[in-house]
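Following: one structure in structure tokens, then a few remarks.
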Amino acid sequence: MAASSLDQKLRRLARSHFEDRSRRRGLLVAFEGPDGSGKTTQRKLFKTWLEAEGYEVVTTKWNSSDLIRPIIKSRKSIHVLSPLEYSLLHAADFRHRVETEILPALWDGKLVVADRFLFTGLARDAARGLDFDRVLKLYQPLLWPDMVFYFSVSARTARDRIAATRTPKFYEAGQDVTAIDEPTASYERFITRVIREYESLALIFRFITVDGERSIHDQHHEIRRLFREGEQRPWSDWNLDAVVEWLAMTGIRA
Amino acid sequence: MAGDDGDPRVKANDSRLIAIDGVSAAAIRDAARRLASSTRRRRGGVSSWGASGIFDELGVADADAGTPSMRTLLLLYAADLAFRLRWEIGPALEEGRLVIAAPYVATAVAVGRAAGLDAAWLADLFHFAPPAAEQHLIDSPSAGHSPDHEGFVELACLHAEKHQGGPTRLELMDRTRRHLSASVRRPAAG
């Protein structure tokens with residue numbers, strides 16, 4: 001079968017699979033925000049609630065693939081990553097998780113909750129001075145979540161919450177680019193840049209912004225309500241390229 | 001990266017980056033050695049694929065960690081190349097030396113194209129790599145049919161073959177060779 005013919009067949013297959021209303025379609029929900037914004041707490045509460053509601057939930061976390069994470073971890077520990085290498089390795093980790101965790105789960109009709117998604121890479125890399133458009137291209141073919149909850153907090157709040165429990169790590173604090181020796185001070189400087197990038201992303205990509213300064217209870221109930229409003233959204237053709245590339249690789253043809 | 005002090009009479013602005021690309025890692029390595037030993041310029045040495053150790057670590061990952069796709073492998077190749085440029089190629093060029101990158105960008109782009117990846121994506125991926133002053137294609141027709149586990153092309157083709165929907169290793173190597181031939185200008189005879 002010619003490549004273009006196979007491509008057309010896989011496009012039809014992807015559409016019919018994800019638009020089939022006779023079964024629950026896979027949903028992708030991303031939680032984004034700076035460290036200390038409370039998104040991990042909310043992600044855990046959300047998952048517990050979803051499971052109680054009968055959803056089969058798969059969680060994926062940033063920089064967590066068994067294949068790439070050790071490579072990143074060993075380099076982070078000795079502070080040898082340049083911003084470009086940092087960016088490329090995290091994009092590789094993300095791509096591997098998309099292909100081995102996220103798309104298989106979505107294909108099986110599961111609900112994937114991503115604790116950080118590609119927007120984390122965009123925000124951090126841009127905050128490190130890399131070109132936004134170039135970084136975005138690293139993540140192509142793009143896979144867009146059905147919903148992105150963005151946890152908005154001030155840089156001061158993020159700093160205070162992190163400092164209350166631990167000292168920020170070297171790259172988390174952005175010490176590779178701030179030239180500030182004191183981790184917490186570096187963190188506040190760096191997270192200010194990251195938040196600025198996030199705020200731009202929230203507008204461009206229409207994130208659902210959650211006020212991370214509110215109580216845990218209030219945030220959780222707001223997320224439940226917003227999820228209920230958004231879960232019936234139709235499948236988006238924007239994700240066709242990513243799905244078709246994955247289908248071609250896996251050999252799924254029907 | 002192996003290097004030497006070279007000829008101190010050569011001016012520091014005499015830097016030169018030479019790329020040697022091909023499918024066979026052994027043929028690339030041999031060509032790089034020959035070229036390095038024949039030049040009279042201040043040699044900065046040969047920068048080889050895998051200098052960062054990324055692919056060594058990939059090789060010891062558990063089978064359960066999954067098989068990387070071509071796109072993932074190329075992101076890793078780019079990260080490795082960024083390391084080579086930062087620690088090997090860039091400093092040598094700044095000192096006015098001749099550096100041989102073996103392989104460089106064309107090999108990775110060719111295997112990516114052979115796997116069906118978009119040319120524009122590949123061009124963006126390697127935008128940070130400066131163009132080589134010279135490009136040499138090492139064509140080795142038999143390389144695809146003999147075991148050669150040292151090179152990026154071989155590694156990428158072996159991984160691609162593990163994916164159910166992917167082409168065979170030999171198909172992909174042949175396609176890579178064709179893409180390389182089409183994209184890299186052959187050196188003058190002799």
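Just so we're on the same page: first chain in the structure tokens is A, next is B, and so on; residues restart at 1 for each chain, and ligands are numbered from 1 in the order they show up.
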Could you work out which residues of chain B fall inside 7 Å of chain A? Count only C-alpha atoms, and format the result as a list in words.
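Residues satisfying the distance criterion: Ile54, Glu57, Leu58, Ala61, Ala65, Gly66, Pro68, Thr72, Leu75, Leu76, Ala79, Ala82, Trp121, Asp124, Leu125, His163, Gln164, Gly165 and Gly166 of chain B.
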Output C-alpha atoms for every residue in the selection just made, as a CSV table (one decimal), in the first residue's frame.
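Output saved as selection.csv:
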chain,number,residue,atom,x,y,z
B,54,ILE,CA,23.2,9.3,25.9
B,57,GLU,CA,22.6,4.8,28.7
B,58,LEU,CA,19.8,4.1,26.3
B,61,ALA,CA,17.6,0.6,29.7
B,65,ALA,CA,11.0,0.9,29.1
B,66,GLY,CA,9.8,0.6,25.6
B,68,PRO,CA,12.0,4.5,21.1
B,72,THR,CA,12.5,10.1,19.9
B,75,LEU,CA,15.6,14.2,19.5
B,76,LEU,CA,18.3,12.2,21.4
B,79,ALA,CA,20.8,16.4,22.2
B,82,ALA,CA,24.3,19.8,21.0
B,121,TRP,CA,10.7,19.2,11.2
B,124,ASP,CA,14.1,22.8,12.6
B,125,LEU,CA,15.4,20.1,14.9
B,163,HIS,CA,7.8,-1.5,15.8
B,164,GLN,CA,5.1,-3.6,14.2
B,165,GLY,CA,4.2,-1.1,11.6
B,166,GLY,CA,7.7,-0.2,10.7
Tell me which protein, DNA and RNA residues are within 12 Å of Ile162 (chain A), counting only C-alpha atoms, leaving out same-chain ones fewer than 5 positions away, and put them as a list in words.
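With the cut-off at 12 Å, the set is Pro34, Asp35, Gly36, Ser37, Gly38, Ala155, Arg156, Thr157, Thr167, Pro168, Lys169, Glu172, Ala173, Pro183, Thr184, Ala185, Tyr187, Glu188 and Ile191 of chain A.
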Just write the chosen residues, N, CA and C atoms, as a PDB file, in the first residue's frame.
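out_25.pdb was written with the following content:
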ATOM      1  N   PRO A  34       3.177  26.528  37.742  1.00  0.00           N
ATOM      2  CA  PRO A  34       4.515  26.499  38.331  1.00  0.00           C
ATOM      3  C   PRO A  34       4.583  25.571  39.529  1.00  0.00           C
ATOM      4  N   ASP A  35       5.807  25.166  39.883  1.00  0.00           N
ATOM      5  CA  ASP A  35       5.989  24.404  41.121  1.00  0.00           C
ATOM      6  C   ASP A  35       5.408  25.229  42.265  1.00  0.00           C
ATOM      7  N   GLY A  36       4.714  24.549  43.162  1.00  0.00           N
ATOM      8  CA  GLY A  36       4.145  25.269  44.298  1.00  0.00           C
ATOM      9  C   GLY A  36       2.774  25.843  44.018  1.00  0.00           C
ATOM     10  N   SER A  37       2.216  25.554  42.846  1.00  0.00           N
ATOM     11  CA  SER A  37       0.895  26.106  42.521  1.00  0.00           C
ATOM     12  C   SER A  37      -0.231  25.232  43.052  1.00  0.00           C
ATOM     13  N   GLY A  38       0.100  24.037  43.514  1.00  0.00           N
ATOM     14  CA  GLY A  38      -0.914  23.147  44.071  1.00  0.00           C
ATOM     15  C   GLY A  38      -1.526  22.189  43.076  1.00  0.00           C
ATOM     16  N   ALA A 155       4.449  34.585  41.869  1.00  0.00           N
ATOM     17  CA  ALA A 155       5.815  34.068  42.081  1.00  0.00           C
ATOM     18  C   ALA A 155       6.122  33.977  43.571  1.00  0.00           C
ATOM     19  N   ARG A 156       5.622  34.931  44.323  1.00  0.00           N
ATOM     20  CA  ARG A 156       5.886  34.942  45.762  1.00  0.00           C
ATOM     21  C   ARG A 156       5.221  33.729  46.444  1.00  0.00           C
ATOM     22  N   THR A 157       3.984  33.462  46.059  1.00  0.00           N
ATOM     23  CA  THR A 157       3.288  32.303  46.631  1.00  0.00           C
ATOM     24  C   THR A 157       4.025  31.010  46.280  1.00  0.00           C
ATOM     25  N   THR A 167      14.483  22.990  49.699  1.00  0.00           N
ATOM     26  CA  THR A 167      15.269  23.917  48.893  1.00  0.00           C
ATOM     27  C   THR A 167      15.103  23.534  47.424  1.00  0.00           C
ATOM     28  N   PRO A 168      14.799  24.497  46.577  1.00  0.00           N
ATOM     29  CA  PRO A 168      14.634  24.157  45.159  1.00  0.00           C
ATOM     30  C   PRO A 168      15.921  23.562  44.578  1.00  0.00           C
ATOM     31  N   LYS A 169      15.743  22.609  43.680  1.00  0.00           N
ATOM     32  CA  LYS A 169      16.906  22.001  43.036  1.00  0.00           C
ATOM     33  C   LYS A 169      17.486  22.946  41.984  1.00  0.00           C
ATOM     34  N   GLU A 172      15.420  23.361  38.759  1.00  0.00           N
ATOM     35  CA  GLU A 172      14.111  23.851  39.175  1.00  0.00           C
ATOM     36  C   GLU A 172      14.209  25.332  39.542  1.00  0.00           C
ATOM     37  N   ALA A 173      15.313  25.688  40.162  1.00  0.00           N
ATOM     38  CA  ALA A 173      15.526  27.078  40.573  1.00  0.00           C
ATOM     39  C   ALA A 173      16.054  27.937  39.419  1.00  0.00           C
ATOM     40  N   PRO A 183      19.604  29.236  46.054  1.00  0.00           N
ATOM     41  CA  PRO A 183      18.545  28.553  45.287  1.00  0.00           C
ATOM     42  C   PRO A 183      17.169  29.207  45.376  1.00  0.00           C
ATOM     43  N   THR A 184      16.776  29.612  46.584  1.00  0.00           N
ATOM     44  CA  THR A 184      15.423  30.168  46.719  1.00  0.00           C
ATOM     45  C   THR A 184      15.301  31.515  46.014  1.00  0.00           C
ATOM     46  N   ALA A 185      16.337  32.313  46.108  1.00  0.00           N
ATOM     47  CA  ALA A 185      16.317  33.608  45.402  1.00  0.00           C
ATOM     48  C   ALA A 185      16.313  33.383  43.894  1.00  0.00           C
ATOM     49  N   TYR A 187      15.152  30.767  42.442  1.00  0.00           N
ATOM     50  CA  TYR A 187      13.833  30.211  42.104  1.00  0.00           C
ATOM     51  C   TYR A 187      12.818  31.331  41.883  1.00  0.00           C
ATOM     52  N   GLU A 188      12.815  32.305  42.774  1.00  0.00           N
ATOM     53  CA  GLU A 188      11.828  33.388  42.637  1.00  0.00           C
ATOM     54  C   GLU A 188      12.050  34.154  41.333  1.00  0.00           C
ATOM     55  N   ILE A 191      11.061  31.609  38.426  1.00  0.00           N
ATOM     56  CA  ILE A 191       9.634  31.271  38.345  1.00  0.00           C
ATOM     57  C   ILE A 191       8.826  32.485  37.892  1.00  0.00           C
TER      58      ILE A 191
END
Within 10 Å of Ala92 (chain B) using only C-alpha atoms, minus same-chain residues under 6 positions, as a list in words:
Gly3, Ser15, Arg16, Leu17, Arg42, Arg43, Gly44, Gly45, Leu85, Arg86, Leu98 and Val99 of chain B
With N, CA and C atoms retained, export the selected residues as a JSON list (two decimals), in the first residue's frame.
[["chain", "number", "residue", "atom", "x", "y", "z"],
["B", 3, "GLY", "N", 42.89, 14.86, 19.76],
["B", 3, "GLY", "CA", 43.38, 16.01, 19.00],
["B", 3, "GLY", "C", 44.87, 16.16, 19.21],
["B", 15, "SER", "N", 39.87, 28.05, 11.28],
["B", 15, "SER", "CA", 39.02, 26.93, 11.71],
["B", 15, "SER", "C", 38.21, 26.39, 10.54],
["B", 16, "ARG", "N", 37.90, 25.13, 10.65],
["B", 16, "ARG", "CA", 37.15, 24.49, 9.56],
["B", 16, "ARG", "C", 36.43, 23.26, 10.11],
["B", 17, "LEU", "N", 35.16, 23.16, 9.77],
["B", 17, "LEU", "CA", 34.36, 22.00, 10.18],
["B", 17, "LEU", "C", 34.08, 21.14, 8.95],
["B", 42, "ARG", "N", 45.84, 22.65, 11.71],
["B", 42, "ARG", "CA", 45.80, 22.41, 13.16],
["B", 42, "ARG", "C", 44.58, 21.55, 13.43],
["B", 43, "ARG", "N", 44.83, 20.36, 13.87],
["B", 43, "ARG", "CA", 43.73, 19.41, 14.04],
["B", 43, "ARG", "C", 43.06, 19.57, 15.40],
["B", 44, "GLY", "N", 41.74, 19.61, 15.37],
["B", 44, "GLY", "CA", 40.98, 19.62, 16.62],
["B", 44, "GLY", "C", 40.42, 18.26, 16.94],
["B", 45, "GLY", "N", 40.69, 17.31, 16.05],
["B", 45, "GLY", "CA", 40.25, 15.95, 16.29],
["B", 45, "GLY", "C", 38.96, 15.58, 15.60],
["B", 85, "LEU", "N", 28.77, 19.82, 20.02],
["B", 85, "LEU", "CA", 29.07, 21.18, 19.58],
["B", 85, "LEU", "C", 29.59, 22.03, 20.73],
["B", 86, "ARG", "N", 29.03, 21.81, 21.91],
["B", 86, "ARG", "CA", 29.41, 22.63, 23.07],
["B", 86, "ARG", "C", 30.78, 22.27, 23.60],
["B", 98, "LEU", "N", 40.89, 22.46, 12.78],
["B", 98, "LEU", "CA", 40.04, 21.70, 11.88],
["B", 98, "LEU", "C", 39.36, 20.61, 12.70],
["B", 99, "VAL", "N", 38.06, 20.51, 12.58],
["B", 99, "VAL", "CA", 37.32, 19.50, 13.31],
["B", 99, "VAL", "C", 36.54, 18.64, 12.31]]
Within region 4-128 of chain A, find each residue whose DSSP state, derived from the backbone, is strand (DSSP E), and express the selection as a list in words.
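Filtering region 4-128 of chain A to strand (DSSP E) leaves Leu27, Leu28, Val29, Ala30, Phe31, Glu32, Val57, Val58, Thr59, Thr60, Lys61, Leu111, Val112, Val113, Ala114 and Asp115 of chain A.
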Find the nearest atom pair between each residue of region 131-202 of chain A and region 213-232 of chain A for residues within 8 Å, count only C-alpha atoms, give distances in Å to one decimal, sort rows by chain and ascending number, and present the table as a Markdown table.
| residue | atom | partner | partner_atom | distance |
| --- | --- | --- | --- | --- |
| A:Asp146 | CA | A:Glu231 | CA | 7.8 |
| A:Met147 | CA | A:Gly230 | CA | 7.4 |
| A:Phe149 | CA | A:Ile223 | CA | 7.9 |
| A:Ser152 | CA | A:Glu213 | CA | 7.5 |
| A:Val153 | CA | A:Glu213 | CA | 6.0 |
| A:Thr157 | CA | A:Glu213 | CA | 7.9 |
Name all residues at most 10 Å from His17 (chain A) (count only C-alpha atoms; drop same-chain ones fewer than 4 positions away) and give them as number ranges by chain.
A: 11-13, 21, 23, 25-26, 107-109, 235, 254
Selection file, N, CA and C atoms, as a short mmCIF file (atom, residue, chain, number, x, y, z; two decimals), in the first residue's frame:
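Written output follows (result_32.cif):
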data_model
loop_
_atom_site.label_atom_id
_atom_site.label_comp_id
_atom_site.auth_asym_id
_atom_site.auth_seq_id
_atom_site.Cartn_x
_atom_site.Cartn_y
_atom_site.Cartn_z
N ARG A 11 -6.13 7.89 8.78
CA ARG A 11 -6.91 9.07 9.16
C ARG A 11 -8.39 8.70 9.34
N ARG A 12 -8.88 7.92 8.42
CA ARG A 12 -10.28 7.48 8.53
C ARG A 12 -10.48 6.62 9.78
N LEU A 13 -9.49 5.75 10.01
CA LEU A 13 -9.56 4.87 11.18
C LEU A 13 -9.57 5.69 12.47
N ARG A 21 -19.64 7.10 19.06
CA ARG A 21 -20.38 7.48 20.27
C ARG A 21 -20.91 6.27 21.04
N ARG A 23 -19.13 4.12 22.45
CA ARG A 23 -18.24 3.80 23.57
C ARG A 23 -17.63 5.09 24.12
N ARG A 25 -15.08 7.74 24.84
CA ARG A 25 -13.85 8.07 24.14
C ARG A 25 -12.75 8.47 25.12
N GLY A 26 -11.54 8.22 24.73
CA GLY A 26 -10.42 8.62 25.57
C GLY A 26 -10.36 10.13 25.71
N TRP A 107 -6.48 5.53 23.08
CA TRP A 107 -7.05 4.61 22.09
C TRP A 107 -7.97 3.59 22.80
N ASP A 108 -7.59 3.21 24.01
CA ASP A 108 -8.38 2.24 24.77
C ASP A 108 -9.55 2.89 25.53
N GLY A 109 -9.77 4.17 25.29
CA GLY A 109 -10.92 4.84 25.91
C GLY A 109 -10.70 5.27 27.34
N TRP A 235 -14.26 15.08 19.58
CA TRP A 235 -12.88 14.80 19.18
C TRP A 235 -12.39 15.89 18.22
N ALA A 254 -6.95 -1.55 12.23
CA ALA A 254 -8.41 -1.66 12.31
C ALA A 254 -8.84 -1.58 13.76
#
Residue among B:Val46, B:Leu73, B:Thr168, B:Arg113 lying closest to Gly59 (chain B), counting only C-alpha atoms:
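Distance minimum relative to Gly59 (chain B) lands on B:Leu73.
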In region 42-137 of chain B, what's alpha helix (DSSP H) per DSSP? Answer as a PyMOL selection string?
chain B and resi 54-59+70-84+90-94+105-114+119-125
Residues just named, written with C-alpha atoms as an mmCIF file, in the first residue's frame:
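out10.cif, freshly written:
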data_model
loop_
_atom_site.group_PDB
_atom_site.id
_atom_site.type_symbol
_atom_site.label_atom_id
_atom_site.label_comp_id
_atom_site.auth_asym_id
_atom_site.auth_seq_id
_atom_site.Cartn_x
_atom_site.Cartn_y
_atom_site.Cartn_z
ATOM 1 C CA ILE B 54 23.236 9.301 25.915
ATOM 2 C CA PHE B 55 23.092 6.275 23.665
ATOM 3 C CA ASP B 56 25.209 4.174 26.018
ATOM 4 C CA GLU B 57 22.622 4.814 28.720
ATOM 5 C CA LEU B 58 19.802 4.119 26.300
ATOM 6 C CA GLY B 59 21.400 0.786 25.531
ATOM 7 C CA MET B 70 12.542 7.368 15.151
ATOM 8 C CA ARG B 71 11.365 10.778 16.304
ATOM 9 C CA THR B 72 12.505 10.098 19.871
ATOM 10 C CA LEU B 73 15.861 8.809 18.659
ATOM 11 C CA LEU B 74 16.384 11.917 16.561
ATOM 12 C CA LEU B 75 15.608 14.169 19.515
ATOM 13 C CA LEU B 76 18.271 12.248 21.422
ATOM 14 C CA TYR B 77 20.691 12.511 18.502
ATOM 15 C CA ALA B 78 20.107 16.272 18.491
ATOM 16 C CA ALA B 79 20.807 16.427 22.235
ATOM 17 C CA ASP B 80 24.001 14.458 21.684
ATOM 18 C CA LEU B 81 25.006 16.755 18.844
ATOM 19 C CA ALA B 82 24.345 19.818 21.011
ATOM 20 C CA PHE B 83 26.737 18.293 23.557
ATOM 21 C CA ARG B 84 29.356 17.625 20.867
ATOM 22 C CA GLY B 90 32.780 24.593 19.146
ATOM 23 C CA PRO B 91 35.900 24.956 21.332
ATOM 24 C CA ALA B 92 38.133 23.461 18.628
ATOM 25 C CA LEU B 93 36.771 25.844 16.008
ATOM 26 C CA GLU B 94 37.292 28.763 18.374
ATOM 27 C CA VAL B 105 23.625 16.352 10.548
ATOM 28 C CA ALA B 106 23.073 14.788 7.122
ATOM 29 C CA THR B 107 23.166 11.219 8.439
ATOM 30 C CA ALA B 108 20.446 11.911 10.983
ATOM 31 C CA VAL B 109 18.294 13.832 8.522
ATOM 32 C CA ALA B 110 18.596 11.028 5.969
ATOM 33 C CA VAL B 111 17.486 8.306 8.367
ATOM 34 C CA GLY B 112 14.634 10.519 9.543
ATOM 35 C CA ARG B 113 13.507 11.127 5.969
ATOM 36 C CA ALA B 114 13.834 7.409 5.252
ATOM 37 C CA ALA B 119 11.848 17.479 6.120
ATOM 38 C CA ALA B 120 10.840 20.779 7.710
ATOM 39 C CA TRP B 121 10.685 19.214 11.179
ATOM 40 C CA LEU B 122 14.149 17.744 10.713
ATOM 41 C CA ALA B 123 15.525 21.076 9.497
ATOM 42 C CA ASP B 124 14.106 22.806 12.565
ATOM 43 C CA LEU B 125 15.445 20.123 14.872
#
